[in-house]
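Text of the file entry_8.pdb, holding PDB, C-alpha atoms:
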MODEL        1
ATOM      1  CA  MET A   1      -3.104 -18.491  20.530  1.00  0.00           C
ATOM      2  CA  ALA A   2      -4.107 -14.877  20.564  1.00  0.00           C
ATOM      3  CA  GLY A   3      -4.649 -14.439  16.831  1.00  0.00           C
ATOM      4  CA  TRP A   4      -3.132 -11.481  15.142  1.00  0.00           C
ATOM      5  CA  LYS A   5      -4.113  -7.920  15.930  1.00  0.00           C
ATOM      6  CA  ALA A   6      -2.677  -4.804  14.397  1.00  0.00           C
ATOM      7  CA  ALA A   7      -4.010  -1.465  13.267  1.00  0.00           C
ATOM      8  CA  GLY A   8      -7.524  -2.312  14.348  1.00  0.00           C
ATOM      9  CA  CYS A   9      -7.587  -5.556  12.365  1.00  0.00           C
ATOM     10  CA  LEU A  10      -8.038  -8.933  14.007  1.00  0.00           C
ATOM     11  CA  ALA A  11      -7.345 -12.299  12.445  1.00  0.00           C
ATOM     12  CA  ASN A  12      -8.851 -15.383  14.035  1.00  0.00           C
ATOM     13  CA  PRO A  13      -6.472 -17.671  15.860  1.00  0.00           C
ATOM     14  CA  MET A  14      -4.939 -20.533  13.914  1.00  0.00           C
ATOM     15  CA  THR A  15      -2.508 -23.245  14.865  1.00  0.00           C
ATOM     16  CA  PRO A  16       1.109 -22.040  14.991  1.00  0.00           C
ATOM     17  CA  ALA A  17       1.870 -24.090  11.885  1.00  0.00           C
ATOM     18  CA  ALA A  18      -1.054 -22.642   9.947  1.00  0.00           C
ATOM     19  CA  GLU A  19      -0.156 -19.120  10.989  1.00  0.00           C
ATOM     20  CA  ALA A  20       3.479 -19.655  10.030  1.00  0.00           C
ATOM     21  CA  PHE A  21       2.330 -20.870   6.625  1.00  0.00           C
ATOM     22  CA  ALA A  22       0.176 -17.767   6.159  1.00  0.00           C
ATOM     23  CA  TRP A  23       3.142 -15.493   6.794  1.00  0.00           C
ATOM     24  CA  ARG A  24       5.309 -17.606   4.491  1.00  0.00           C
ATOM     25  CA  LEU A  25       2.668 -17.337   1.782  1.00  0.00           C
ATOM     26  CA  ARG A  26       2.679 -13.570   2.222  1.00  0.00           C
ATOM     27  CA  GLY A  27       6.432 -13.332   1.767  1.00  0.00           C
ATOM     28  CA  HIS A  28       6.309 -15.652  -1.257  1.00  0.00           C
ATOM     29  CA  LEU A  29       3.523 -13.544  -2.761  1.00  0.00           C
ATOM     30  CA  TYR A  30       5.454 -10.296  -2.411  1.00  0.00           C
ATOM     31  CA  ARG A  31       8.629 -11.752  -3.893  1.00  0.00           C
ATOM     32  CA  ARG A  32       6.666 -13.183  -6.829  1.00  0.00           C
ATOM     33  CA  ILE A  33       5.236  -9.751  -7.484  1.00  0.00           C
ATOM     34  CA  ARG A  34       8.699  -8.227  -7.289  1.00  0.00           C
ATOM     35  CA  ASP A  35      10.113 -10.781  -9.698  1.00  0.00           C
ATOM     36  CA  THR A  36       7.279 -10.939 -12.230  1.00  0.00           C
ATOM     37  CA  GLY A  37       5.426  -7.624 -11.968  1.00  0.00           C
ATOM     38  CA  THR A  38       2.146  -9.489 -11.589  1.00  0.00           C
ATOM     39  CA  VAL A  39       0.162 -10.753  -8.629  1.00  0.00           C
ATOM     40  CA  PRO A  40       0.024 -14.559  -8.657  1.00  0.00           C
ATOM     41  CA  SER A  41      -3.282 -16.405  -8.707  1.00  0.00           C
ATOM     42  CA  ARG A  42      -4.387 -18.774  -5.940  1.00  0.00           C
ATOM     43  CA  ALA A  43      -3.458 -21.669  -8.197  1.00  0.00           C
ATOM     44  CA  GLU A  44       0.021 -20.229  -8.744  1.00  0.00           C
ATOM     45  CA  LEU A  45       0.424 -19.722  -5.013  1.00  0.00           C
ATOM     46  CA  ALA A  46      -0.598 -23.334  -4.385  1.00  0.00           C
ATOM     47  CA  ALA A  47       1.857 -24.580  -6.983  1.00  0.00           C
ATOM     48  CA  GLY A  48       4.678 -22.329  -5.810  1.00  0.00           C
ATOM     49  CA  LEU A  49       4.268 -23.361  -2.202  1.00  0.00           C
ATOM     50  CA  ALA A  50       3.370 -27.018  -2.881  1.00  0.00           C
ATOM     51  CA  ALA A  51       0.237 -26.458  -0.813  1.00  0.00           C
ATOM     52  CA  ALA A  52      -3.358 -27.661  -0.993  1.00  0.00           C
ATOM     53  CA  ASP A  53      -6.121 -25.291  -2.026  1.00  0.00           C
ATOM     54  CA  THR A  54      -7.582 -25.460   1.474  1.00  0.00           C
ATOM     55  CA  GLU A  55      -4.277 -24.290   2.961  1.00  0.00           C
ATOM     56  CA  ILE A  56      -4.162 -21.388   0.520  1.00  0.00           C
ATOM     57  CA  ASP A  57      -7.771 -20.460   1.331  1.00  0.00           C
ATOM     58  CA  ARG A  58      -7.174 -20.507   5.073  1.00  0.00           C
ATOM     59  CA  ALA A  59      -3.961 -18.508   4.821  1.00  0.00           C
ATOM     60  CA  LEU A  60      -5.483 -15.871   2.562  1.00  0.00           C
ATOM     61  CA  ARG A  61      -8.480 -15.507   4.900  1.00  0.00           C
ATOM     62  CA  PHE A  62      -6.114 -15.004   7.821  1.00  0.00           C
ATOM     63  CA  LEU A  63      -4.136 -12.347   5.957  1.00  0.00           C
ATOM     64  CA  VAL A  64      -7.306 -10.546   4.890  1.00  0.00           C
ATOM     65  CA  ASP A  65      -8.595 -10.491   8.459  1.00  0.00           C
ATOM     66  CA  ALA A  66      -5.232  -9.105   9.559  1.00  0.00           C
ATOM     67  CA  CYS A  67      -5.633  -6.308   6.966  1.00  0.00           C
ATOM     68  CA  VAL A  68      -2.543  -7.477   5.131  1.00  0.00           C
ATOM     69  CA  LEU A  69      -4.229  -8.317   1.816  1.00  0.00           C
ATOM     70  CA  ALA A  70      -7.506  -7.622   0.037  1.00  0.00           C
ATOM     71  CA  LEU A  71      -9.195 -10.174  -2.222  1.00  0.00           C
ATOM     72  CA  ASP A  72     -11.525  -9.651  -5.141  1.00  0.00           C
ATOM     73  CA  GLU A  73     -14.974 -11.215  -5.486  1.00  0.00           C
ATOM     74  CA  ARG A  74     -13.433 -14.394  -6.901  1.00  0.00           C
ATOM     75  CA  GLY A  75     -11.149 -14.761  -3.924  1.00  0.00           C
ATOM     76  CA  GLU A  76      -8.013 -13.842  -5.852  1.00  0.00           C
ATOM     77  CA  VAL A  77      -5.533 -11.364  -4.384  1.00  0.00           C
ATOM     78  CA  TRP A  78      -6.572  -7.846  -5.402  1.00  0.00           C
ATOM     79  CA  MET A  79      -4.314  -5.681  -3.264  1.00  0.00           C
ATOM     80  CA  ALA A  80      -1.021  -6.535  -1.614  1.00  0.00           C
ATOM     81  CA  HIS A  81      -0.029  -3.054  -0.617  1.00  0.00           C
ATOM     82  CA  PRO A  82       1.513  -1.192  -2.262  1.00  0.00           C
ATOM     83  CA  PHE A  83       0.886  -3.495  -5.263  1.00  0.00           C
ATOM     84  CA  SER A  84      -2.372  -3.874  -7.173  1.00  0.00           C
ATOM     85  CA  ALA A  85      -3.323  -6.979  -9.141  1.00  0.00           C
ATOM     86  CA  VAL A  86      -5.399  -4.953 -11.555  1.00  0.00           C
ATOM     87  CA  PRO A  87      -4.575  -1.970 -13.750  1.00  0.00           C
ATOM     88  CA  THR A  88      -4.963   1.416 -12.065  1.00  0.00           C
ATOM     89  CA  PRO A  89      -4.064   4.990 -13.090  1.00  0.00           C
ATOM     90  CA  TYR A  90      -0.685   4.402 -11.411  1.00  0.00           C
ATOM     91  CA  ARG A  91       1.790   2.372 -13.468  1.00  0.00           C
ATOM     92  CA  VAL A  92       5.156   2.381 -11.737  1.00  0.00           C
ATOM     93  CA  GLU A  93       8.163   1.925 -13.999  1.00  0.00           C
ATOM     94  CA  THR A  94      11.437   0.802 -12.476  1.00  0.00           C
ATOM     95  CA  PRO A  95      14.711  -0.462 -13.953  1.00  0.00           C
ATOM     96  CA  SER A  96      13.707  -4.005 -12.973  1.00  0.00           C
ATOM     97  CA  GLY A  97      10.108  -3.966 -14.153  1.00  0.00           C
ATOM     98  CA  ALA A  98       6.734  -2.250 -14.069  1.00  0.00           C
ATOM     99  CA  TYR A  99       4.031  -2.582 -11.421  1.00  0.00           C
ATOM    100  CA  TRP A 100       0.494  -1.386 -10.753  1.00  0.00           C
ATOM    101  CA  ALA A 101       0.096   0.706  -7.611  1.00  0.00           C
ATOM    102  CA  ASN A 102      -3.180   1.136  -5.749  1.00  0.00           C
ATOM    103  CA  CYS A 103      -2.865   4.899  -5.374  1.00  0.00           C
ATOM    104  CA  ALA A 104      -0.433   7.792  -5.637  1.00  0.00           C
ATOM    105  CA  TRP A 105       1.041   7.032  -2.215  1.00  0.00           C
ATOM    106  CA  ASP A 106       1.657   3.428  -3.245  1.00  0.00           C
ATOM    107  CA  ALA A 107       3.220   4.628  -6.497  1.00  0.00           C
ATOM    108  CA  LEU A 108       5.899   6.299  -4.380  1.00  0.00           C
ATOM    109  CA  ALA A 109       6.145   3.313  -2.056  1.00  0.00           C
ATOM    110  CA  ILE A 110       6.832   0.614  -4.654  1.00  0.00           C
ATOM    111  CA  PRO A 111      10.308   1.792  -5.730  1.00  0.00           C
ATOM    112  CA  LEU A 112      11.216   2.375  -2.080  1.00  0.00           C
ATOM    113  CA  LEU A 113      10.075  -1.130  -1.157  1.00  0.00           C
ATOM    114  CA  LEU A 114      12.091  -2.562  -4.031  1.00  0.00           C
ATOM    115  CA  GLY A 115      15.127  -0.409  -3.284  1.00  0.00           C
ATOM    116  CA  THR A 116      15.221   1.112  -6.731  1.00  0.00           C
ATOM    117  CA  ASP A 117      14.441   4.278  -8.620  1.00  0.00           C
ATOM    118  CA  GLY A 118      11.002   4.612 -10.166  1.00  0.00           C
ATOM    119  CA  ARG A 119       8.707   6.794 -12.195  1.00  0.00           C
ATOM    120  CA  THR A 120       4.926   7.021 -12.440  1.00  0.00           C
ATOM    121  CA  ARG A 121       3.277   9.204 -15.035  1.00  0.00           C
ATOM    122  CA  ALA A 122       0.593  11.449 -13.566  1.00  0.00           C
ATOM    123  CA  SER A 123      -1.753  14.170 -14.678  1.00  0.00           C
ATOM    124  CA  CYS A 124      -2.805  16.904 -12.250  1.00  0.00           C
ATOM    125  CA  PRO A 125      -6.611  16.682 -11.855  1.00  0.00           C
ATOM    126  CA  GLN A 126      -6.841  20.446 -11.432  1.00  0.00           C
ATOM    127  CA  SER A 127      -4.436  21.902 -13.990  1.00  0.00           C
ATOM    128  CA  GLY A 128      -4.074  19.007 -16.383  1.00  0.00           C
ATOM    129  CA  THR A 129      -0.309  19.333 -16.105  1.00  0.00           C
ATOM    130  CA  ARG A 130       1.465  16.092 -16.888  1.00  0.00           C
ATOM    131  CA  PHE A 131       4.304  15.182 -14.580  1.00  0.00           C
ATOM    132  CA  ASP A 132       6.158  12.180 -13.187  1.00  0.00           C
ATOM    133  CA  LEU A 133       6.012  11.023  -9.602  1.00  0.00           C
ATOM    134  CA  THR A 134       9.566   9.905  -9.017  1.00  0.00           C
ATOM    135  CA  ILE A 135      11.810   8.127  -6.594  1.00  0.00           C
ATOM    136  CA  THR A 136      15.446   8.922  -7.235  1.00  0.00           C
ATOM    137  CA  ARG A 137      18.075   7.473  -4.933  1.00  0.00           C
ATOM    138  CA  GLY A 138      15.473   7.122  -2.206  1.00  0.00           C
ATOM    139  CA  ARG A 139      13.988  10.606  -2.491  1.00  0.00           C
ATOM    140  CA  ALA A 140      10.501  11.412  -3.760  1.00  0.00           C
ATOM    141  CA  GLY A 141       9.729  14.086  -6.302  1.00  0.00           C
ATOM    142  CA  PRO A 142       9.022  16.258  -8.090  1.00  0.00           C
ATOM    143  CA  ARG A 143       9.488  19.152  -5.713  1.00  0.00           C
ATOM    144  CA  GLY A 144       6.196  20.918  -5.049  1.00  0.00           C
ATOM    145  CA  ALA A 145       3.950  17.978  -5.969  1.00  0.00           C
ATOM    146  CA  VAL A 146       1.467  16.751  -3.379  1.00  0.00           C
ATOM    147  CA  VAL A 147      -0.798  13.785  -2.789  1.00  0.00           C
ATOM    148  CA  ARG A 148      -4.328  14.255  -1.490  1.00  0.00           C
ATOM    149  CA  LEU A 149      -5.754  11.529   0.727  1.00  0.00           C
ATOM    150  CA  ALA A 150      -9.531  11.546   1.001  1.00  0.00           C
ATOM    151  CA  VAL A 151     -10.057   9.191   3.935  1.00  0.00           C
ATOM    152  CA  PRO A 152      -8.612   9.486   7.458  1.00  0.00           C
ATOM    153  CA  VAL A 153      -6.024   6.777   8.053  1.00  0.00           C
ATOM    154  CA  ARG A 154      -8.073   4.983  10.708  1.00  0.00           C
ATOM    155  CA  ASP A 155     -10.809   4.384   8.111  1.00  0.00           C
ATOM    156  CA  PHE A 156      -8.581   3.056   5.325  1.00  0.00           C
ATOM    157  CA  TRP A 157      -9.742  -0.535   5.730  1.00  0.00           C
ATOM    158  CA  ASP A 158     -13.446   0.373   5.835  1.00  0.00           C
ATOM    159  CA  ASP A 159     -13.255   0.675   2.060  1.00  0.00           C
ATOM    160  CA  ILE A 160      -9.701  -0.068   1.056  1.00  0.00           C
ATOM    161  CA  GLY A 161     -10.434   0.611  -2.590  1.00  0.00           C
ATOM    162  CA  PHE A 162     -11.119   4.259  -1.778  1.00  0.00           C
ATOM    163  CA  THR A 163      -8.489   6.146   0.191  1.00  0.00           C
TER     164      THR A 163
ATOM    165  CA  MET B   1      -4.631  11.618  -6.145  1.00  0.00           C
ATOM    166  CA  ALA B   2      -1.439  13.430  -7.113  1.00  0.00           C
ATOM    167  CA  PHE B   3      -1.422  17.156  -7.871  1.00  0.00           C
ATOM    168  CA  ARG B   4       1.404  19.188  -9.323  1.00  0.00           C
ATOM    169  CA  SER B   5       1.144  21.736  -6.491  1.00  0.00           C
ATOM    170  CA  GLU B   6      -0.592  22.328  -3.194  1.00  0.00           C
ATOM    171  CA  ALA B   7      -2.400  25.277  -4.771  1.00  0.00           C
ATOM    172  CA  ASP B   8      -3.830  22.934  -7.405  1.00  0.00           C
ATOM    173  CA  ALA B   9      -4.999  20.506  -4.727  1.00  0.00           C
ATOM    174  CA  ARG B  10      -6.638  23.279  -2.698  1.00  0.00           C
ATOM    175  CA  ALA B  11      -8.358  24.666  -5.779  1.00  0.00           C
ATOM    176  CA  TRP B  12      -9.611  21.202  -6.694  1.00  0.00           C
ATOM    177  CA  GLU B  13     -11.038  20.738  -3.186  1.00  0.00           C
ATOM    178  CA  ARG B  14     -12.751  24.128  -3.276  1.00  0.00           C
ATOM    179  CA  GLY B  15     -14.309  23.260  -6.607  1.00  0.00           C
ATOM    180  CA  ARG B  16     -15.807  20.036  -5.326  1.00  0.00           C
ATOM    181  CA  GLY B  17     -16.939  20.951  -1.814  1.00  0.00           C
ATOM    182  CA  GLY B  18     -17.239  18.147   0.696  1.00  0.00           C
ATOM    183  CA  ASP B  19     -14.796  17.209   3.368  1.00  0.00           C
ATOM    184  CA  PRO B  20     -11.237  18.381   2.984  1.00  0.00           C
ATOM    185  CA  GLY B  21      -8.711  15.597   2.687  1.00  0.00           C
ATOM    186  CA  ALA B  22      -5.094  15.618   3.732  1.00  0.00           C
ATOM    187  CA  ILE B  23      -2.648  17.209   1.322  1.00  0.00           C
ATOM    188  CA  VAL B  24       0.849  15.872   1.753  1.00  0.00           C
ATOM    189  CA  PRO B  25       4.074  16.805  -0.070  1.00  0.00           C
ATOM    190  CA  VAL B  26       5.464  13.855  -2.000  1.00  0.00           C
ATOM    191  CA  GLU B  27       8.745  14.198  -0.129  1.00  0.00           C
ATOM    192  CA  VAL B  28       6.925  13.527   3.150  1.00  0.00           C
ATOM    193  CA  LEU B  29       5.068  10.507   1.758  1.00  0.00           C
ATOM    194  CA  GLY B  30       8.335   9.151   0.420  1.00  0.00           C
ATOM    195  CA  GLU B  31       9.966   9.518   3.794  1.00  0.00           C
ATOM    196  CA  LEU B  32       6.983   7.827   5.470  1.00  0.00           C
ATOM    197  CA  SER B  33       6.832   5.015   2.919  1.00  0.00           C
ATOM    198  CA  ARG B  34      10.433   4.006   3.483  1.00  0.00           C
ATOM    199  CA  ASP B  35       9.616   2.798   6.997  1.00  0.00           C
ATOM    200  CA  TRP B  36       5.890   2.049   6.513  1.00  0.00           C
ATOM    201  CA  TYR B  37       6.660  -0.554   3.838  1.00  0.00           C
ATOM    202  CA  ALA B  38      10.083  -1.692   5.039  1.00  0.00           C
ATOM    203  CA  GLY B  39      10.737  -5.406   5.056  1.00  0.00           C
ATOM    204  CA  ARG B  40       7.604  -6.529   3.234  1.00  0.00           C
ATOM    205  CA  LEU B  41       9.554  -8.779   0.905  1.00  0.00           C
ATOM    206  CA  ASP B  42      10.668 -10.910   3.842  1.00  0.00           C
ATOM    207  CA  ASP B  43       8.812 -13.842   5.403  1.00  0.00           C
ATOM    208  CA  ALA B  44       9.618 -12.378   8.811  1.00  0.00           C
ATOM    209  CA  TRP B  45       7.614  -9.210   8.179  1.00  0.00           C
ATOM    210  CA  ARG B  46       4.649  -8.636  10.481  1.00  0.00           C
ATOM    211  CA  PRO B  47       2.251  -5.681  10.561  1.00  0.00           C
ATOM    212  CA  TYR B  48       3.219  -2.813  12.781  1.00  0.00           C
ATOM    213  CA  SER B  49       1.140  -2.215  15.856  1.00  0.00           C
ATOM    214  CA  VAL B  50      -1.185   0.780  15.899  1.00  0.00           C
ATOM    215  CA  GLN B  51       1.223   2.516  18.253  1.00  0.00           C
ATOM    216  CA  ALA B  52       4.213   1.880  16.015  1.00  0.00           C
ATOM    217  CA  ARG B  53       2.360   3.197  12.961  1.00  0.00           C
ATOM    218  CA  GLN B  54       1.359   6.283  14.871  1.00  0.00           C
ATOM    219  CA  VAL B  55       5.002   6.932  15.697  1.00  0.00           C
ATOM    220  CA  LEU B  56       5.946   6.585  12.021  1.00  0.00           C
ATOM    221  CA  LEU B  57       3.327   9.167  11.085  1.00  0.00           C
ATOM    222  CA  LYS B  58       4.388  11.530  13.840  1.00  0.00           C
ATOM    223  CA  ASP B  59       8.054  11.190  12.912  1.00  0.00           C
ATOM    224  CA  VAL B  60       7.362  12.719   9.494  1.00  0.00           C
ATOM    225  CA  GLY B  61       5.135  15.434  10.928  1.00  0.00           C
ATOM    226  CA  LEU B  62       1.744  13.870  10.176  1.00  0.00           C
ATOM    227  CA  SER B  63      -0.400  14.486  13.226  1.00  0.00           C
ATOM    228  CA  GLY B  64      -3.912  15.654  14.022  1.00  0.00           C
ATOM    229  CA  GLU B  65      -7.284  13.967  13.766  1.00  0.00           C
ATOM    230  CA  PHE B  66      -6.894  12.849  10.143  1.00  0.00           C
ATOM    231  CA  TRP B  67      -3.791  10.870  11.099  1.00  0.00           C
ATOM    232  CA  GLU B  68      -5.012   9.287  14.326  1.00  0.00           C
ATOM    233  CA  LEU B  69      -5.154   5.507  14.059  1.00  0.00           C
ATOM    234  CA  GLY B  70      -6.585   4.589  17.434  1.00  0.00           C
TER     235      GLY B  70
ENDMDL
END

Once more with this new file: its structure as structure tokens, please.
Amino acid sequence: MAGWKAAGCLANPMTPAAEAFAWRLRGHLYRRIRDTGTVPSRAELAAGLAAADTEIDRALRFLVDACVLALDERGEVWMAHPFSAVPTPYRVETPSGAYWANCAWDALAIPLLLGTDGRTRASCPQSGTRFDLTITRGRAGPRGAVVRLAVPVRDFWDDIGFT
Amino acid sequence: MAFRSEADARAWERGRGGDPGAIVPVEVLGELSRDWYAGRLDDAWRPYSVQARQVLLKDVGLSGEFWELG
């Protein structure tokens, strides 16, 4: 078993069954977020997947090491990009529900991931102008708006809370 | 952070000093996001390789040191 390596992130090898469970947990997690608008707790993941706490722990650790998820200090899922478990300045409203995004980029990504239109209220840090970041029929707007990224992409996972 | 215009973003950077970031039109980030996040609702999703992500960035015109993954 070679483990999982992508984008500079390396997860330790696990048995094929354990790795398959980790990927299944990830898919379950994302669909729960889609359906409920909230990020499930470890206990909810264990219940939803009929799995033991130790299986959940091992799978989450694998996904963190693979740079797929970020956990908070309690070991609960904090970021499942583009979704955030905690409130942020980016509240994405869609016809099927509302979601917290980690950043402005993720605010655009959530409606695209869900295949829906979406709107996120924003306020320009320079001018104070209020505007909506939008996805309408797959296209981002408003025309002329920009997103500033502070950290080069290769360094995103050095401090994933600050990009 | 989202700005209403590139001019606003540039002015904000000038006012703060420090390293310049990357300023990207929302249309470009939308185009990138469509592929970057595709399939994440499925169990079969796996992370893209570094090379594949680099191609996605290049395909929407994001190149240069800021956008180099490797």

Answer as an MDAnalysis selection string, residues within 12 Å of (-7.0, -19.8, 3.7) using only C-alpha atoms
chainID A and resid 11:12 14 18:19 21:23 25:26 42 45:46 51:65 69 71 75:77

Once the ChimeraX specification (/A :<9) & /B is applied to the coordinates I shared, what remains selected? I want it as a PDB file with C-alpha atoms, keeping the file's coordinate frame.
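Final output, expr_24.pdb:
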ATOM      1  CA  MET B   1      -4.631  11.618  -6.145  1.00  0.00           C
ATOM      2  CA  ALA B   2      -1.439  13.430  -7.113  1.00  0.00           C
ATOM      3  CA  PHE B   3      -1.422  17.156  -7.871  1.00  0.00           C
ATOM      4  CA  ARG B   4       1.404  19.188  -9.323  1.00  0.00           C
ATOM      5  CA  SER B   5       1.144  21.736  -6.491  1.00  0.00           C
ATOM      6  CA  GLU B   6      -0.592  22.328  -3.194  1.00  0.00           C
ATOM      7  CA  ASP B   8      -3.830  22.934  -7.405  1.00  0.00           C
ATOM      8  CA  ALA B   9      -4.999  20.506  -4.727  1.00  0.00           C
ATOM      9  CA  ALA B  11      -8.358  24.666  -5.779  1.00  0.00           C
ATOM     10  CA  TRP B  12      -9.611  21.202  -6.694  1.00  0.00           C
ATOM     11  CA  ASP B  19     -14.796  17.209   3.368  1.00  0.00           C
ATOM     12  CA  PRO B  20     -11.237  18.381   2.984  1.00  0.00           C
ATOM     13  CA  GLY B  21      -8.711  15.597   2.687  1.00  0.00           C
ATOM     14  CA  ALA B  22      -5.094  15.618   3.732  1.00  0.00           C
ATOM     15  CA  ILE B  23      -2.648  17.209   1.322  1.00  0.00           C
ATOM     16  CA  VAL B  24       0.849  15.872   1.753  1.00  0.00           C
ATOM     17  CA  PRO B  25       4.074  16.805  -0.070  1.00  0.00           C
ATOM     18  CA  VAL B  26       5.464  13.855  -2.000  1.00  0.00           C
ATOM     19  CA  GLU B  27       8.745  14.198  -0.129  1.00  0.00           C
ATOM     20  CA  VAL B  28       6.925  13.527   3.150  1.00  0.00           C
ATOM     21  CA  LEU B  29       5.068  10.507   1.758  1.00  0.00           C
ATOM     22  CA  GLY B  30       8.335   9.151   0.420  1.00  0.00           C
ATOM     23  CA  GLU B  31       9.966   9.518   3.794  1.00  0.00           C
ATOM     24  CA  LEU B  32       6.983   7.827   5.470  1.00  0.00           C
ATOM     25  CA  SER B  33       6.832   5.015   2.919  1.00  0.00           C
ATOM     26  CA  ARG B  34      10.433   4.006   3.483  1.00  0.00           C
ATOM     27  CA  TRP B  36       5.890   2.049   6.513  1.00  0.00           C
ATOM     28  CA  TYR B  37       6.660  -0.554   3.838  1.00  0.00           C
ATOM     29  CA  ALA B  38      10.083  -1.692   5.039  1.00  0.00           C
ATOM     30  CA  GLY B  39      10.737  -5.406   5.056  1.00  0.00           C
ATOM     31  CA  ARG B  40       7.604  -6.529   3.234  1.00  0.00           C
ATOM     32  CA  LEU B  41       9.554  -8.779   0.905  1.00  0.00           C
ATOM     33  CA  ASP B  42      10.668 -10.910   3.842  1.00  0.00           C
ATOM     34  CA  ASP B  43       8.812 -13.842   5.403  1.00  0.00           C
ATOM     35  CA  ALA B  44       9.618 -12.378   8.811  1.00  0.00           C
ATOM     36  CA  TRP B  45       7.614  -9.210   8.179  1.00  0.00           C
ATOM     37  CA  ARG B  46       4.649  -8.636  10.481  1.00  0.00           C
ATOM     38  CA  PRO B  47       2.251  -5.681  10.561  1.00  0.00           C
ATOM     39  CA  TYR B  48       3.219  -2.813  12.781  1.00  0.00           C
ATOM     40  CA  SER B  49       1.140  -2.215  15.856  1.00  0.00           C
ATOM     41  CA  VAL B  50      -1.185   0.780  15.899  1.00  0.00           C
ATOM     42  CA  GLN B  51       1.223   2.516  18.253  1.00  0.00           C
ATOM     43  CA  ARG B  53       2.360   3.197  12.961  1.00  0.00           C
ATOM     44  CA  GLU B  65      -7.284  13.967  13.766  1.00  0.00           C
ATOM     45  CA  PHE B  66      -6.894  12.849  10.143  1.00  0.00           C
ATOM     46  CA  TRP B  67      -3.791  10.870  11.099  1.00  0.00           C
ATOM     47  CA  GLU B  68      -5.012   9.287  14.326  1.00  0.00           C
ATOM     48  CA  LEU B  69      -5.154   5.507  14.059  1.00  0.00           C
ATOM     49  CA  GLY B  70      -6.585   4.589  17.434  1.00  0.00           C
TER      50      GLY B  70
END

Edge lengths and centre in Å, axis-aligned, segment 128-138 of chain A plus 6 Å each side, as AutoDock Vina command-line options:
--center_x 7.0 --center_y 13.2 --center_z -9.5 --size_x 34.1 --size_y 24.2 --size_z 26.7

What does the distance from atom CA of Arg91 of chain A to atom CA of Gly118 of chain A come to in Å, to one decimal?
10.0 Å

Quick one: everything within 10 Å of Trp78 of chain A, counting all atoms listed in the file, minus sequence neighbours fewer than 5 positions away in the same chain. Send it as a list in words.
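My reading of the contact set: Val39, Pro40, Ser41, Leu69, Ala70, Leu71, Asp72, Glu73, Phe83, Ser84, Ala85, Val86, Asn102 and Gly161 of chain A.
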
Rounded to one decimal place, report the atom CA of Ala47 of chain A-atom CA of Gly97 of chain A distance in Å.
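Taking atom CA of Ala47 of chain A and atom CA of Gly97 of chain A, their separation equals 23.3 Å.
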